[in-house]
Amino acid sequence: MDQESMSSLLAQIMDDMHGTEEIVRNRRKVILVDEFILNAKKNDGKISVGGSVGGGFLMDTSDLDQMCTLLGVIVINPEQIYSFDRNNEHKIVLLMRKGDCRPGYVTLEILQLAEINPFGFRNAVVRIGDSMFVSSDIYRQGMVDMYTGEYDLVSNGPCVSLLSTIHPDHDIAFAFPCLCWPRGADEWVHRTRLHGWPTQTMIDRIVQGGCHVVPVGDKSSTDTLLQWRISFACAERLLVHSLTHPQFRLYGLLKYFLTQIKELLDHIIGDSDILCSYFIKTVIFFAVENSPSVLWHERNTFLCLRFCLSILTAWVKSGYCPNYFIQDNNLFLRKVHGENRQKILHFLRDCYDLKWPRVFLSVESVVTFDLKKLLQENQNKGTNQNSECEKDLDLFRICLNAFDHSDITRESLDVSLRLLVVAESDVDEFIAYRAMTTALYNTGNSLFPEYNTTGSNKQNYRALRKSKHMLIPQASMCTSPGLMMLATFHYLTGNYRKALAMCADLMSTLKVHLDVEIPENSRERYTRLYCGQVNTLYHKLKSGAYTCVTFNKRNICLSLPQLHLEIRKHTFPLYIPPLPYAAFLSFLCYHDLGDSRRRDKELTNLRVVNYDPEQGGHEYWIVHTLLGICYQTAGDNRRAIRSFTDSLHVMPEKNPALERIENLRNSQ
C-alpha cells in the first residue's frame, strides 16, 4: 500500500476513533449548551469545559478539565489602576505584578477587598511589607479542604483533581478573570502570520476575552507561594474549535500517539509523562499557524504527522518548547533536559524517519491488522447508514450525561426553552429538548416530598402532582433513565400497577445500551430499524437506546428506600443498568402486592440478567447487590450473603455490601 492510501486509511481510522466532523461538531454543541444553561444561574462562578472533552474528543483517556471563574474577583494590569470600572467596588480587585519567575507567571497584589470574599480567599492573604498578596498555594489547598469529605480530592498543579472511576482525569481549576490582555503575550497579537490562521477576527475575539490566572507557581522557581500562572484555556478552546477537521484529526492522531508511547517512555526514561498533552497541543497550534491550509488533507496524513514530529524534534534538540502565547516561556524547563532529552531526541528521530511503526506500539497493528477486511467494509458501504448510526449513538451518549444540574433555576429553564424555540435542525431541537426535560426532571425531583413531611394531605397531593408532571417529559423521551424514574415515582406513591407496566415496557424491547462498548450486532439492529428512514432523533432515542438509571445524594428522595445505603455511602453517582433495575423494581412491586408467585418470577429474571454480557454483574457490582436485596426480602439470607459477597468481589473498596453482610450475620 502506498503512502497516500495508507494516509487515507489512517484518516478513516482516526475518524472511527475520535469521530467524524459532524460528530465532533455535535459534541461541542452539547458542551456549549450545557455551559450556557449552567451559567444562566445568578451565582458567583462561571463554568467552562476544557481539556480533551472541551475540544470535542470522547475517548476513555479524555481528560475532563473544568475552569470555575470566580466572578467576585477581577485582575487588572498596573496601567489600569486609574481606569478600571468603578462599578466593581463590590468586587475584589487584584493587581497583576511581575514576579521573580519566568514569563507567564505573576504575583497578585490586593488593590481592593470586598465585604464578601470567596471561600478561602481571606486565609490566603499574605502581607509583604505594606502590601498584601494572595498566595496561590494556600488558596488552592483551601479549595481542596472545602470539598474534602464530600469527594476524594487531591491538589494537582493548578487544579483540584477529583478521584473518580467515571472520569479518570477530572480536574477543576478555580480561576480569577483578567479582562485585559497580558503584556507578555503582545507578541502573539502582532505576530506575522503568512497563512491566515488564526484569523484576525479570532485574534480580536481572544484578546477581548482576556485571560485567567490559576493558582500554581513556577516549578523552576525556589519559592512558589505567591506565584500565579497566566492561563489561556478559553483562548485555546476557541483555537481548537477553529481547526479544520483534517487538522483536528491530526491533533487526535498525535494524542493517540502520546498515549501509545507512554509505556515505552516509562521504560526508556522512567517518566511516562515527560511528554505531556499540552506539548502536543502547542505543536498543533504552531504547525497549523506555519503551514498552508492545502497541506491538511487526509491524503497527506503521514506527511502532516512527520511535519508535527519535526517541530517537536527540533524543540527537544534545542531544549526549548515555546508557549504558544508567550514564547519567552520555555515549557521544557525542568522537564526535558540532560540525558532524558537525548533519549527522547533519538526516539523522535526514529519516528520521523518512518521507523516509528516499530515503536508506535499499536499503529503498525492498526494499519496492517485485517487491512483487507477494513478496506472492503469501507468500499462496500454504499450508503451512510453506518455513519448515521455512529452519529446518533454518540449524540445520545453525550446528551444523556449532560445538563444534569441539581440547582436548576428559573433562568436555566428559560434558557433551555428559548433554545428549543429557536432550534432549526433536528440535532439542535433534540439537544434543547433533552436539556429542557432534564431541567424539568430535576425540578420535579426537588418537589417530591419526603415521607416524613409535615404538610397537610392537600399540600402533599399538590406537590406530588407537580412532581409527576415534571417527570413525564423526560419519561416520554427515553425509557431509561426517564421512564424508569417515573416508574420509581409510581412505586413510591403506591401505584404498583403503573410501575409494573412501565418496567414491562422497558424489558419488552431490545435497545442499545449506551454505557458499555456497543457490540456489532446491536449496531446492526439499530441501523436496520432506525437509520436511512424519516425518523427524528427523539423517536430514535425513545425506541432504540437507553442508559443507566442514576442516583446520588441530592435526588435520594426520589429513589428506592432499599438503595439508600448505597446512595449515601457511594461518593459518586450510583449507576444501575436498565434491565436489572426494571427487574428489581418489578420484584419490589409484586412483593408489596403480596404476589409471591410473580415476585419469584421476577427474581428469576434478575438472576438471568445478572449474567447479561452488557448489563450483568461482571460489569456492574450493583447488580449483585440488587440480587442480594431481593434474596433478603424473600427471606433467603444465605443466598443474600452470597450475592453481597459477589458484589464485593467486583468492587472490593467502599462497597456497602460489606455492611449488609455484617448486618445479616449479626441478625442471625
# chains A, B, ... in the order shown; residues from 1 in each chain; ligands from 1
>>> select_by_dssp(residues="segment 57-208 of chain A", states="helix (DSSP H, G or I)", output="NGL selection string")
:A and (78-80 or 86-90 or 122-124 or 136-147 or 183-190 or 200-208)
>>> select_by_dssp(residues="segment 144-379 of chain A", states="strand (DSSP E)", output="PyMOL selection string")
chain A and resi 153-156+159-162+170-178+211-214+227-231
>>> write_last_selection(atoms="N, CA and C atoms", output="short mmCIF file (atom, residue, chain, number, x, y, z; two decimals), in the first residue's frame")
data_model
loop_
_atom_site.label_atom_id
_atom_site.label_comp_id
_atom_site.auth_asym_id
_atom_site.auth_seq_id
_atom_site.Cartn_x
_atom_site.Cartn_y
_atom_site.Cartn_z
N LEU A 153 -10.46 14.19 46.87
CA LEU A 153 -9.78 15.23 46.11
C LEU A 153 -8.30 15.25 46.44
N VAL A 154 -7.52 15.68 45.45
CA VAL A 154 -6.10 15.94 45.67
C VAL A 154 -5.74 17.21 44.92
N SER A 155 -4.71 17.89 45.39
CA SER A 155 -4.20 19.06 44.69
C SER A 155 -3.29 18.59 43.56
N ASN A 156 -3.52 19.10 42.35
CA ASN A 156 -2.78 18.65 41.18
C ASN A 156 -2.49 19.85 40.29
N CYS A 159 -4.97 22.69 39.69
CA CYS A 159 -6.32 22.13 39.78
C CYS A 159 -6.55 21.36 41.07
N VAL A 160 -7.82 21.18 41.33
CA VAL A 160 -8.28 20.22 42.32
C VAL A 160 -8.75 19.00 41.54
N SER A 161 -8.08 17.87 41.73
CA SER A 161 -8.39 16.67 40.95
C SER A 161 -9.39 15.81 41.70
N LEU A 162 -10.44 15.43 40.99
CA LEU A 162 -11.49 14.60 41.55
C LEU A 162 -11.17 13.15 41.21
N HIS A 170 -10.40 14.16 36.10
CA HIS A 170 -11.39 15.23 36.23
C HIS A 170 -10.77 16.31 37.10
N ASP A 171 -10.35 17.39 36.46
CA ASP A 171 -9.66 18.48 37.15
C ASP A 171 -10.52 19.73 37.14
N ILE A 172 -10.56 20.40 38.29
CA ILE A 172 -11.29 21.66 38.42
C ILE A 172 -10.31 22.74 38.85
N ALA A 173 -10.21 23.79 38.06
CA ALA A 173 -9.34 24.92 38.38
C ALA A 173 -10.21 26.11 38.78
N PHE A 174 -9.95 26.65 39.95
CA PHE A 174 -10.65 27.85 40.41
C PHE A 174 -9.82 29.07 40.00
N ALA A 175 -10.31 29.79 39.01
CA ALA A 175 -9.52 30.84 38.37
C ALA A 175 -10.10 32.22 38.63
N PHE A 176 -9.23 33.23 38.53
CA PHE A 176 -9.64 34.62 38.59
C PHE A 176 -9.60 35.21 37.18
N PRO A 177 -10.63 35.96 36.77
CA PRO A 177 -10.63 36.51 35.41
C PRO A 177 -9.77 37.77 35.30
N CYS A 178 -9.05 37.84 34.20
CA CYS A 178 -8.27 39.04 33.87
C CYS A 178 -8.83 39.56 32.55
N CYS A 211 -7.83 36.83 29.72
CA CYS A 211 -7.23 35.55 30.12
C CYS A 211 -7.65 35.28 31.56
N HIS A 212 -6.99 34.31 32.20
CA HIS A 212 -7.26 33.98 33.59
C HIS A 212 -5.93 33.80 34.32
N VAL A 213 -5.99 33.82 35.63
CA VAL A 213 -4.84 33.38 36.42
C VAL A 213 -5.31 32.21 37.28
N VAL A 214 -4.47 31.19 37.36
CA VAL A 214 -4.81 29.98 38.10
C VAL A 214 -3.76 29.75 39.18
N GLN A 227 3.08 32.93 43.58
CA GLN A 227 3.05 32.95 42.12
C GLN A 227 1.77 32.33 41.56
N TRP A 228 1.25 32.98 40.53
CA TRP A 228 0.06 32.50 39.82
C TRP A 228 0.40 32.39 38.33
N ARG A 229 -0.16 31.39 37.68
CA ARG A 229 0.11 31.19 36.25
C ARG A 229 -0.97 31.83 35.41
N ILE A 230 -0.54 32.51 34.34
CA ILE A 230 -1.50 33.05 33.38
C ILE A 230 -2.03 31.90 32.53
N SER A 231 -3.33 31.79 32.45
CA SER A 231 -3.97 30.69 31.71
C SER A 231 -4.70 31.24 30.49
#
>>> closest_residue(among="A:Val240, A:Leu440, A:Ile472, A:Leu400", to="Arg25 of chain A", atoms="only C-alpha atoms")
A:Val240
>>> residues_around(residues="segment 274-286 of chain A", least_positions_apart="4", cutoff="9 Å", atoms="only C-alpha atoms", output="VMD selection string")
chain A and resid 236 239 to 240 247 to 248 250 to 251 254 to 255 258 262 265 to 266 269 to 270 290 to 291 308 to 309 311 to 312 321 to 324 331 to 332 335 to 336 340 344
>>> write_last_selection(atoms="N, CA, C and O atoms", output="compact mmCIF listing (two decimals), in the first residue's frame")
# COMPACT_ATOMS: atom_id res chain seq x y z
N GLU A 236 -7.49 28.79 24.03
CA GLU A 236 -7.07 27.53 23.42
C GLU A 236 -8.27 26.73 22.93
O GLU A 236 -8.21 26.10 21.86
N LEU A 239 -9.38 28.17 19.68
CA LEU A 239 -8.47 27.81 18.61
C LEU A 239 -8.67 26.36 18.16
O LEU A 239 -8.65 26.06 16.96
N VAL A 240 -8.87 25.46 19.12
CA VAL A 240 -9.12 24.06 18.76
C VAL A 240 -10.41 23.94 17.95
O VAL A 240 -10.48 23.22 16.96
N GLN A 247 -7.19 18.95 10.35
CA GLN A 247 -6.25 19.40 11.38
C GLN A 247 -6.61 18.82 12.74
O GLN A 247 -5.74 18.38 13.49
N PHE A 248 -7.90 18.81 13.06
CA PHE A 248 -8.35 18.22 14.31
C PHE A 248 -8.06 16.73 14.34
O PHE A 248 -7.67 16.17 15.36
N LEU A 250 -5.59 15.22 12.85
CA LEU A 250 -4.15 15.04 13.10
C LEU A 250 -3.83 15.30 14.56
O LEU A 250 -2.99 14.61 15.16
N TYR A 251 -4.52 16.26 15.17
CA TYR A 251 -4.38 16.50 16.60
C TYR A 251 -4.75 15.24 17.38
O TYR A 251 -4.06 14.84 18.33
N LEU A 254 -1.96 12.69 17.06
CA LEU A 254 -0.84 13.00 17.96
C LEU A 254 -1.17 12.62 19.41
O LEU A 254 -0.33 12.11 20.14
N LYS A 255 -2.42 12.87 19.83
CA LYS A 255 -2.82 12.49 21.18
C LYS A 255 -2.81 10.98 21.33
O LYS A 255 -2.39 10.43 22.36
N LEU A 258 0.69 9.86 21.67
CA LEU A 258 1.20 10.10 23.01
C LEU A 258 0.75 9.02 23.98
O LEU A 258 1.55 8.54 24.80
N LYS A 262 3.45 6.09 26.06
CA LYS A 262 3.66 6.34 27.49
C LYS A 262 4.39 5.18 28.15
O LYS A 262 5.33 5.38 28.94
N LEU A 265 8.01 5.28 27.06
CA LEU A 265 8.74 6.37 27.72
C LEU A 265 9.05 6.02 29.18
O LEU A 265 10.12 6.34 29.69
N ASP A 266 8.11 5.38 29.81
CA ASP A 266 8.33 4.95 31.19
C ASP A 266 9.47 3.93 31.25
O ASP A 266 10.29 3.93 32.18
N ILE A 269 12.81 6.09 30.02
CA ILE A 269 13.21 7.25 30.81
C ILE A 269 12.81 7.13 32.27
O ILE A 269 13.43 7.72 33.15
N GLY A 270 11.78 6.35 32.53
CA GLY A 270 11.28 6.25 33.89
C GLY A 270 10.24 7.30 34.21
O GLY A 270 9.89 7.50 35.38
N ASN A 290 1.88 27.81 10.85
CA ASN A 290 3.02 27.98 9.95
C ASN A 290 2.96 27.07 8.73
O ASN A 290 4.00 26.70 8.18
N SER A 291 1.77 26.74 8.27
CA SER A 291 1.64 25.90 7.07
C SER A 291 0.38 26.29 6.31
O SER A 291 -0.59 26.76 6.91
N CYS A 308 4.62 17.57 12.10
CA CYS A 308 4.45 17.84 13.53
C CYS A 308 5.58 17.21 14.35
O CYS A 308 6.08 17.82 15.31
N LEU A 309 5.98 16.01 13.96
CA LEU A 309 7.09 15.36 14.67
C LEU A 309 8.39 16.15 14.49
O LEU A 309 9.23 16.20 15.40
N ILE A 311 8.65 19.38 14.23
CA ILE A 311 8.60 20.52 15.14
C ILE A 311 8.96 20.08 16.55
O ILE A 311 9.79 20.71 17.22
N LEU A 312 8.35 19.00 17.01
CA LEU A 312 8.63 18.52 18.36
C LEU A 312 10.09 18.09 18.50
O LEU A 312 10.74 18.35 19.52
N CYS A 321 10.78 24.52 24.31
CA CYS A 321 9.42 24.43 23.76
C CYS A 321 8.70 25.72 24.11
O CYS A 321 8.35 25.96 25.28
N PRO A 322 8.47 26.61 23.15
CA PRO A 322 7.85 27.91 23.46
C PRO A 322 6.36 27.79 23.74
O PRO A 322 5.64 27.07 23.04
N ASN A 323 5.91 28.47 24.77
CA ASN A 323 4.47 28.60 24.99
C ASN A 323 3.88 29.31 23.77
O ASN A 323 4.46 30.26 23.25
N TYR A 324 2.70 28.85 23.32
CA TYR A 324 2.14 29.40 22.09
C TYR A 324 1.83 30.88 22.21
O TYR A 324 1.99 31.64 21.24
N LEU A 331 8.43 25.77 28.00
CA LEU A 331 7.66 24.73 28.66
C LEU A 331 8.50 23.52 29.05
O LEU A 331 8.08 22.71 29.89
N PHE A 332 9.68 23.36 28.44
CA PHE A 332 10.55 22.22 28.75
C PHE A 332 11.37 22.44 30.02
O PHE A 332 12.03 21.51 30.49
N LYS A 335 11.96 19.90 32.84
CA LYS A 335 11.22 18.68 32.48
C LYS A 335 11.97 17.87 31.42
O LYS A 335 12.23 16.70 31.62
N VAL A 336 12.31 18.50 30.31
CA VAL A 336 13.02 17.81 29.23
C VAL A 336 14.43 18.39 29.17
O VAL A 336 14.66 19.46 28.61
N ASN A 340 17.82 12.58 29.59
CA ASN A 340 16.46 12.27 29.13
C ASN A 340 16.14 12.96 27.81
O ASN A 340 15.48 12.40 26.94
N ILE A 344 14.91 11.07 24.34
CA ILE A 344 13.68 11.45 23.61
C ILE A 344 14.03 11.87 22.19
O ILE A 344 13.32 11.53 21.24
>>> closest_residue(among="A:Gly209, A:Met146, A:Asn521, A:Pro103", to="Gln327 of chain A", atoms="only C-alpha atoms")
A:Pro103
>>> residues_around(residues="segment 203-207 of chain A", least_positions_apart="5", cutoff="10 Å", atoms="only C-alpha atoms", output="PyMOL selection string")
chain A and resi 179-182+185-186+188-190+197-198+232+234-236+238-239
>>> write_last_selection(atoms="N, CA and C atoms", output="short mmCIF file (atom, residue, chain, number, x, y, z; two decimals), in the first residue's frame")
data_model
loop_
_atom_site.label_atom_id
_atom_site.label_comp_id
_atom_site.auth_asym_id
_atom_site.auth_seq_id
_atom_site.Cartn_x
_atom_site.Cartn_y
_atom_site.Cartn_z
N LEU A 179 -9.57 40.65 32.61
CA LEU A 179 -10.26 41.15 31.43
C LEU A 179 -9.34 41.87 30.46
N CYS A 180 -8.09 42.07 30.86
CA CYS A 180 -7.11 42.71 29.97
C CYS A 180 -6.19 41.65 29.39
N TRP A 181 -5.58 41.99 28.28
CA TRP A 181 -4.63 41.08 27.65
C TRP A 181 -3.25 41.30 28.29
N PRO A 182 -2.58 40.23 28.72
CA PRO A 182 -1.29 40.40 29.41
C PRO A 182 -0.21 40.92 28.46
N ALA A 185 2.06 38.70 26.33
CA ALA A 185 1.52 38.00 25.16
C ALA A 185 1.23 38.94 24.00
N ASP A 186 1.75 40.16 24.05
CA ASP A 186 1.53 41.11 22.95
C ASP A 186 2.14 40.60 21.64
N TRP A 188 2.11 37.67 20.50
CA TRP A 188 1.16 36.76 19.84
C TRP A 188 0.16 37.56 19.02
N VAL A 189 -0.29 38.70 19.54
CA VAL A 189 -1.29 39.51 18.85
C VAL A 189 -0.74 40.04 17.53
N HIS A 190 0.51 40.48 17.54
CA HIS A 190 1.10 41.15 16.37
C HIS A 190 2.01 40.24 15.55
N TRP A 197 -3.96 31.89 9.78
CA TRP A 197 -4.56 31.23 10.96
C TRP A 197 -3.76 31.59 12.20
N PRO A 198 -4.44 31.96 13.26
CA PRO A 198 -5.88 32.25 13.32
C PRO A 198 -6.22 33.54 12.59
N PHE A 232 -4.48 30.57 29.35
CA PHE A 232 -5.18 30.92 28.11
C PHE A 232 -6.13 29.79 27.70
N CYS A 234 -9.39 29.33 27.76
CA CYS A 234 -10.55 29.68 26.93
C CYS A 234 -10.13 30.01 25.51
N ALA A 235 -9.00 30.71 25.36
CA ALA A 235 -8.48 31.01 24.02
C ALA A 235 -8.09 29.73 23.30
N GLU A 236 -7.49 28.79 24.03
CA GLU A 236 -7.07 27.53 23.42
C GLU A 236 -8.27 26.73 22.93
N LEU A 238 -11.12 27.99 21.87
CA LEU A 238 -11.56 28.65 20.64
C LEU A 238 -10.68 28.26 19.46
N LEU A 239 -9.38 28.17 19.68
CA LEU A 239 -8.47 27.81 18.61
C LEU A 239 -8.67 26.36 18.16
#
>>> closest_residue(among="A:Ile622, A:Cys304, A:Cys351, A:Leu111", to="Pro652 of chain A", atoms="only C-alpha atoms")
A:Ile622
